[in-house]
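J.: Provided herewith is a single structure, encoded as structure tokens, for subsequent inquiry.
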Amino acid sequence: MTPAAADATRVGSTAGRRVRRLRAAVWTDLDDVVATEEPLEIRLLQEAGGAIERHRIAVTMRTPGHDFELAAGFLFGESIVTGREDILDISYCTDEEEPQRLNIVNVTLRPTVTFDAARLERNFYTTSSCGVCGKAALESLEIHGCTVLPHGLAVPASLICRLPGRLREQQAVFARTGGLHAAGLFGADGALLRLREDVGRHNALDKLVGAELIDGGARMRDAVLMLSGRASFELLQKALAAQIPIVAAVGAPSSLAVELAESFDITLLGFVRDDGFNVYAGGHRIADAPAPE
């Protein structure tokens, strides 16, 4: 597989802009920095009958960089691939007119990988107005082979409370722009294993999961996922596919995210601060938590 690191720094994740700022009734002209946002198209390539079949499966707005990880994580989260062995190569699209099109990523699958091409018409749960009820969404996850997570990992509450600060300390682009979401993977000892940022919170998690997948994926089953924003159904679904047992978020979870966590025994924590958090599901993984009343 093409190393994901090759695309990590190919385009700046920020852009400079001249702005006018009003503070305390005083106007000032100054240089500012904003997070870069550009479209990325993900395509699937696969050999069939001696020819290469191509499928356009998604276009997402993202922060450039770590594009290969984003593509791998997206495919894994949608159950199109089940491991790094399903992917032969990831590369930027090339053609005669443009030697390297940095807004299109080609993912070449092994010929033996099977998938439903019709489902690649973006029949995913991407908006709150998609019309899919909670029951149908949860049943869909079961159909795609998602299973209840083992109990295994348990961490103290004090460790969870430290994670938002550690996440913010490592958000290099957010520190300059204030405009990016982050997803961080932490070990049972609280050590940061990996962090990814993006203008889209789903993209940040896809990049994180994709990077772990490319490296083998073993660490995710014994780790804590820390989200810089709210915990939506889509993010919990991606965590479930990656078998991450604990999901903590600075913001609130949605009702369907809580249902998913309860159904698959994910520990879901919201409003995480340095002095506490809310437990919405899976409280047994908080080692020092008292029994519920």
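Labels used: A, B, ... for chains in the order of the structure tokens, numbers from 1 for residues in each chain, and numbers from 1 for ligands as shown.
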Env of range 154-162 of chain A: 9 Å cut, atoms = only C-alpha atoms, seq-sep filter 3 positions within chain, self excluded. Answer as a list in words.

T.: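 Once the nearby chain positions are removed, what remains is His151, Gly165, Arg166, Leu167, Ala188, Asp189, Gly190, Val224, Met226, Ile246, Ala248, Leu269, Val272, Arg273, Asp274, Asp275, Gly276, Phe277, His284, Arg285, Ile286, Ala287, Asp288 and Ala289 of chain A.
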
J.: Write the residues of the preceding selection, restricted to N, CA and C atoms, as a compact mmCIF listing (two decimals), in the first residue's frame.

T.:
# COMPACT_ATOMS: atom_id res chain seq x y z
N HIS A 151 -16.08 -6.34 27.20
CA HIS A 151 -15.92 -5.43 28.33
C HIS A 151 -14.48 -4.94 28.45
N GLY A 165 -7.90 18.56 27.69
CA GLY A 165 -6.73 19.42 27.72
C GLY A 165 -5.59 18.88 26.88
N ARG A 166 -5.39 17.58 26.96
CA ARG A 166 -4.32 16.96 26.16
C ARG A 166 -4.63 17.04 24.68
N LEU A 167 -5.90 16.90 24.34
CA LEU A 167 -6.29 17.01 22.94
C LEU A 167 -6.01 18.42 22.43
N ALA A 188 -4.73 3.34 27.38
CA ALA A 188 -5.31 3.15 28.70
C ALA A 188 -4.55 3.91 29.77
N ASP A 189 -3.31 4.33 29.47
CA ASP A 189 -2.52 5.11 30.41
C ASP A 189 -2.66 6.61 30.18
N GLY A 190 -3.51 7.00 29.22
CA GLY A 190 -3.72 8.41 28.93
C GLY A 190 -2.76 8.99 27.91
N VAL A 224 -9.15 4.87 24.01
CA VAL A 224 -10.22 5.84 24.24
C VAL A 224 -10.21 6.84 23.10
N MET A 226 -11.29 10.47 21.88
CA MET A 226 -11.70 11.78 22.38
C MET A 226 -12.06 12.67 21.22
N ILE A 246 -14.37 3.01 24.18
CA ILE A 246 -14.75 4.20 24.95
C ILE A 246 -14.70 5.41 24.04
N ALA A 248 -15.39 9.51 24.20
CA ALA A 248 -15.60 10.68 25.05
C ALA A 248 -15.68 11.92 24.18
N LEU A 269 -19.36 8.97 26.74
CA LEU A 269 -19.23 10.04 27.72
C LEU A 269 -19.37 11.38 27.03
N VAL A 272 -17.34 16.32 28.56
CA VAL A 272 -16.13 16.01 29.32
C VAL A 272 -15.37 17.30 29.62
N ARG A 273 -15.10 17.52 30.89
CA ARG A 273 -14.35 18.69 31.35
C ARG A 273 -13.26 18.20 32.31
N ASP A 274 -12.44 19.13 32.78
CA ASP A 274 -11.38 18.73 33.70
C ASP A 274 -11.91 18.38 35.08
N ASP A 275 -13.21 18.68 35.33
CA ASP A 275 -13.78 18.36 36.63
C ASP A 275 -14.91 17.33 36.56
N GLY A 276 -15.14 16.72 35.39
CA GLY A 276 -16.16 15.70 35.32
C GLY A 276 -16.73 15.48 33.94
N PHE A 277 -17.76 14.65 33.85
CA PHE A 277 -18.40 14.31 32.58
C PHE A 277 -19.71 13.59 32.87
N HIS A 284 -19.59 0.76 33.08
CA HIS A 284 -18.74 -0.26 33.69
C HIS A 284 -17.28 -0.12 33.30
N ARG A 285 -16.99 0.66 32.26
CA ARG A 285 -15.59 0.87 31.87
C ARG A 285 -14.93 2.03 32.61
N ILE A 286 -15.66 2.72 33.45
CA ILE A 286 -15.06 3.73 34.33
C ILE A 286 -14.73 3.00 35.63
N ALA A 287 -13.45 2.74 35.84
CA ALA A 287 -13.02 1.79 36.87
C ALA A 287 -13.45 2.19 38.27
N ASP A 288 -13.43 3.48 38.59
CA ASP A 288 -13.70 3.91 39.96
C ASP A 288 -15.08 4.55 40.14
N ALA A 289 -15.97 4.31 39.19
CA ALA A 289 -17.32 4.88 39.30
C ALA A 289 -18.16 4.05 40.26

J.: As a PyMOL selection string, list the residues of range 32-280 of chain A assigned to strand (DSSP E) by DSSP on the backbone atoms of this structure.

T.: chain A and resi 32-35+38-48+51-62+87-93+101-109+181-186+192-198+224-227+246-249+267-273+276-280

J.: Go through A:Arg43, A:Arg201, A:Arg110, A:His181 one by one, measure the shortest atom-to-atom distance of each to Arg84 in chain A using only C-alpha atoms, and give the residue with the smallest value.

T.: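 Using only C-alpha atoms, the shortest distance to Arg84 in chain A belongs to A:Arg110.
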
J.: Here is a test: counting only C-alpha atoms, which residue of A:Asp89, A:Asp265, A:Asp32, A:Glu259 is nearest to Leu44 in chain A?

T.: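 So, comparing all the options, the nearest one is A:Asp89.
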
J.: CA of Ile104 in chain A and CA of Pro39 in chain A are how many Å apart?

T.: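 CA of Pro39 in chain A lies at a distance of 8.7 Å from CA of Ile104 in chain A.
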
J.: In Å, rounded to a single decimal, give me how far CA of Glu197 in chain A is from CA of Gly270 in chain A.

T.: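 Separating CA of Gly270 in chain A from CA of Glu197 in chain A is a distance of 19.6 Å.
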
J.: Considering only helix (DSSP H, G or I) as DSSP defines it on the backbone, what residues of range 38-280 of chain A qualify? List them as an MDAnalysis selection string.

T.: chainID A and resid 67:77 84:86 117:120 134:143 157:169 172:177 201:214 218:222 233:241 255:264

J.: Please measure the separation of CA of Leu149 in chain A and CA of Asp222 in chain A, giving the value in Å to one decimal.

T.: 10.8 Å

J.: Show me, as number ranges by chain, the residues that have an atom within 7 Å of range 227-244 of chain A when counting only C-alpha atoms, minus same-chain residues fewer than 2 positions from it.

T.: A: 77, 125, 146, 149, 181-184, 202, 220-225, 246, 248-254, 256-257

J.: Could you please take those selected residues and save N, CA and C atoms as a PDB file, in the first residue's frame?

T.:
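Final output, result_32.pdb:
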ATOM      1  N   GLY A  77     -15.048   2.484   7.696  1.00  0.00           N
ATOM      2  CA  GLY A  77     -16.240   2.838   8.454  1.00  0.00           C
ATOM      3  C   GLY A  77     -17.529   2.448   7.765  1.00  0.00           C
ATOM      4  N   TYR A 125     -25.875   7.438   6.290  1.00  0.00           N
ATOM      5  CA  TYR A 125     -26.592   8.298   7.223  1.00  0.00           C
ATOM      6  C   TYR A 125     -25.769   9.556   7.469  1.00  0.00           C
ATOM      7  N   CYS A 146     -21.405  -5.602  12.494  1.00  0.00           N
ATOM      8  CA  CYS A 146     -20.936  -4.981  13.716  1.00  0.00           C
ATOM      9  C   CYS A 146     -21.422  -5.799  14.916  1.00  0.00           C
ATOM     10  N   LEU A 149     -19.249  -4.918  21.724  1.00  0.00           N
ATOM     11  CA  LEU A 149     -17.855  -4.838  22.131  1.00  0.00           C
ATOM     12  C   LEU A 149     -17.614  -5.606  23.430  1.00  0.00           C
ATOM     13  N   HIS A 181     -12.042  20.597  13.772  1.00  0.00           N
ATOM     14  CA  HIS A 181     -12.407  19.541  14.706  1.00  0.00           C
ATOM     15  C   HIS A 181     -11.213  18.611  14.881  1.00  0.00           C
ATOM     16  N   ALA A 182     -11.203  17.885  15.984  1.00  0.00           N
ATOM     17  CA  ALA A 182     -10.124  16.936  16.228  1.00  0.00           C
ATOM     18  C   ALA A 182     -10.684  15.628  16.751  1.00  0.00           C
ATOM     19  N   ALA A 183      -9.987  14.549  16.432  1.00  0.00           N
ATOM     20  CA  ALA A 183     -10.255  13.227  16.989  1.00  0.00           C
ATOM     21  C   ALA A 183      -8.930  12.674  17.469  1.00  0.00           C
ATOM     22  N   GLY A 184      -8.876  12.315  18.749  1.00  0.00           N
ATOM     23  CA  GLY A 184      -7.633  11.803  19.307  1.00  0.00           C
ATOM     24  C   GLY A 184      -7.825  10.415  19.880  1.00  0.00           C
ATOM     25  N   HIS A 202     -16.352  14.311  10.901  1.00  0.00           N
ATOM     26  CA  HIS A 202     -16.342  12.944  10.380  1.00  0.00           C
ATOM     27  C   HIS A 202     -15.018  12.660   9.669  1.00  0.00           C
ATOM     28  N   MET A 220      -6.742   0.119  18.428  1.00  0.00           N
ATOM     29  CA  MET A 220      -8.043   0.751  18.627  1.00  0.00           C
ATOM     30  C   MET A 220      -8.928  -0.007  19.594  1.00  0.00           C
ATOM     31  N   ARG A 221      -8.746  -1.307  19.726  1.00  0.00           N
ATOM     32  CA  ARG A 221      -9.611  -2.118  20.584  1.00  0.00           C
ATOM     33  C   ARG A 221      -9.361  -1.892  22.075  1.00  0.00           C
ATOM     34  N   ASP A 222      -8.260  -1.235  22.412  1.00  0.00           N
ATOM     35  CA  ASP A 222      -7.927  -0.982  23.816  1.00  0.00           C
ATOM     36  C   ASP A 222      -7.614   0.493  24.019  1.00  0.00           C
ATOM     37  N   ALA A 223      -8.429   1.351  23.436  1.00  0.00           N
ATOM     38  CA  ALA A 223      -8.133   2.774  23.456  1.00  0.00           C
ATOM     39  C   ALA A 223      -9.384   3.597  23.737  1.00  0.00           C
ATOM     40  N   VAL A 224      -9.153   4.868  24.012  1.00  0.00           N
ATOM     41  CA  VAL A 224     -10.224   5.835  24.243  1.00  0.00           C
ATOM     42  C   VAL A 224     -10.209   6.840  23.100  1.00  0.00           C
ATOM     43  N   LEU A 225     -11.362   7.079  22.508  1.00  0.00           N
ATOM     44  CA  LEU A 225     -11.503   8.079  21.460  1.00  0.00           C
ATOM     45  C   LEU A 225     -12.017   9.369  22.080  1.00  0.00           C
ATOM     46  N   ILE A 246     -14.371   3.010  24.181  1.00  0.00           N
ATOM     47  CA  ILE A 246     -14.751   4.197  24.946  1.00  0.00           C
ATOM     48  C   ILE A 246     -14.704   5.414  24.039  1.00  0.00           C
ATOM     49  N   ALA A 248     -15.391   9.514  24.203  1.00  0.00           N
ATOM     50  CA  ALA A 248     -15.604  10.678  25.055  1.00  0.00           C
ATOM     51  C   ALA A 248     -15.682  11.917  24.177  1.00  0.00           C
ATOM     52  N   ALA A 249     -16.565  12.841  24.518  1.00  0.00           N
ATOM     53  CA  ALA A 249     -16.764  14.024  23.695  1.00  0.00           C
ATOM     54  C   ALA A 249     -16.862  15.270  24.566  1.00  0.00           C
ATOM     55  N   VAL A 250     -16.350  16.378  24.044  1.00  0.00           N
ATOM     56  CA  VAL A 250     -16.469  17.659  24.726  1.00  0.00           C
ATOM     57  C   VAL A 250     -17.921  18.113  24.741  1.00  0.00           C
ATOM     58  N   GLY A 251     -18.656  17.769  23.666  1.00  0.00           N
ATOM     59  CA  GLY A 251     -20.044  18.182  23.544  1.00  0.00           C
ATOM     60  C   GLY A 251     -21.025  17.093  23.925  1.00  0.00           C
ATOM     61  N   ALA A 252     -22.255  17.287  23.487  1.00  0.00           N
ATOM     62  CA  ALA A 252     -23.342  16.378  23.838  1.00  0.00           C
ATOM     63  C   ALA A 252     -23.485  15.260  22.810  1.00  0.00           C
ATOM     64  N   PRO A 253     -24.014  14.112  23.220  1.00  0.00           N
ATOM     65  CA  PRO A 253     -24.358  13.076  22.261  1.00  0.00           C
ATOM     66  C   PRO A 253     -25.782  13.285  21.754  1.00  0.00           C
ATOM     67  N   SER A 254     -26.078  12.708  20.597  1.00  0.00           N
ATOM     68  CA  SER A 254     -27.452  12.700  20.116  1.00  0.00           C
ATOM     69  C   SER A 254     -28.178  11.491  20.698  1.00  0.00           C
ATOM     70  N   LEU A 256     -29.742   9.141  19.111  1.00  0.00           N
ATOM     71  CA  LEU A 256     -29.436   7.920  18.367  1.00  0.00           C
ATOM     72  C   LEU A 256     -28.030   7.427  18.674  1.00  0.00           C
ATOM     73  N   ALA A 257     -27.111   8.342  18.970  1.00  0.00           N
ATOM     74  CA  ALA A 257     -25.773   7.937  19.380  1.00  0.00           C
ATOM     75  C   ALA A 257     -25.841   7.154  20.688  1.00  0.00           C
TER      76      ALA A 257
END

J.: Between A:Leu260, A:Leu88, A:Cys93, A:Val199, which has the minimum distance to Thr112 in chain A (counting only C-alpha atoms)?

T.: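 When distances to Thr112 in chain A are compared using only C-alpha atoms, the smallest one comes from A:Leu88.
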
J.: With only C-alpha atoms as the counted atoms, please give the residues lying no more than 10 Å from Asp31 in chain A, apart from itself and same-chain residues fewer than 3 positions off, as a short mmCIF file (atom, residue, chain, number, x, y, z; two decimals) with N, CA and C atoms, in the first residue's frame.

T.:
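So around04.cif came out as:
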data_model
loop_
_atom_site.label_atom_id
_atom_site.label_comp_id
_atom_site.auth_asym_id
_atom_site.auth_seq_id
_atom_site.Cartn_x
_atom_site.Cartn_y
_atom_site.Cartn_z
N GLY A 16 -3.55 32.23 4.66
CA GLY A 16 -3.52 33.57 5.22
C GLY A 16 -4.57 34.47 4.60
N ARG A 17 -5.16 35.33 5.40
CA ARG A 17 -6.15 36.30 4.93
C ARG A 17 -5.97 37.62 5.66
N ARG A 18 -6.23 38.71 4.96
CA ARG A 18 -6.22 40.04 5.57
C ARG A 18 -7.63 40.32 6.07
N VAL A 19 -7.76 40.68 7.33
CA VAL A 19 -9.08 40.89 7.92
C VAL A 19 -9.13 42.22 8.65
N ARG A 20 -10.35 42.67 8.92
CA ARG A 20 -10.59 43.83 9.79
C ARG A 20 -11.24 43.32 11.06
N ARG A 21 -10.69 43.69 12.20
CA ARG A 21 -11.19 43.18 13.48
C ARG A 21 -11.70 44.33 14.34
N THR A 28 -9.15 47.29 13.66
CA THR A 28 -7.74 47.04 13.36
C THR A 28 -7.64 46.19 12.11
#
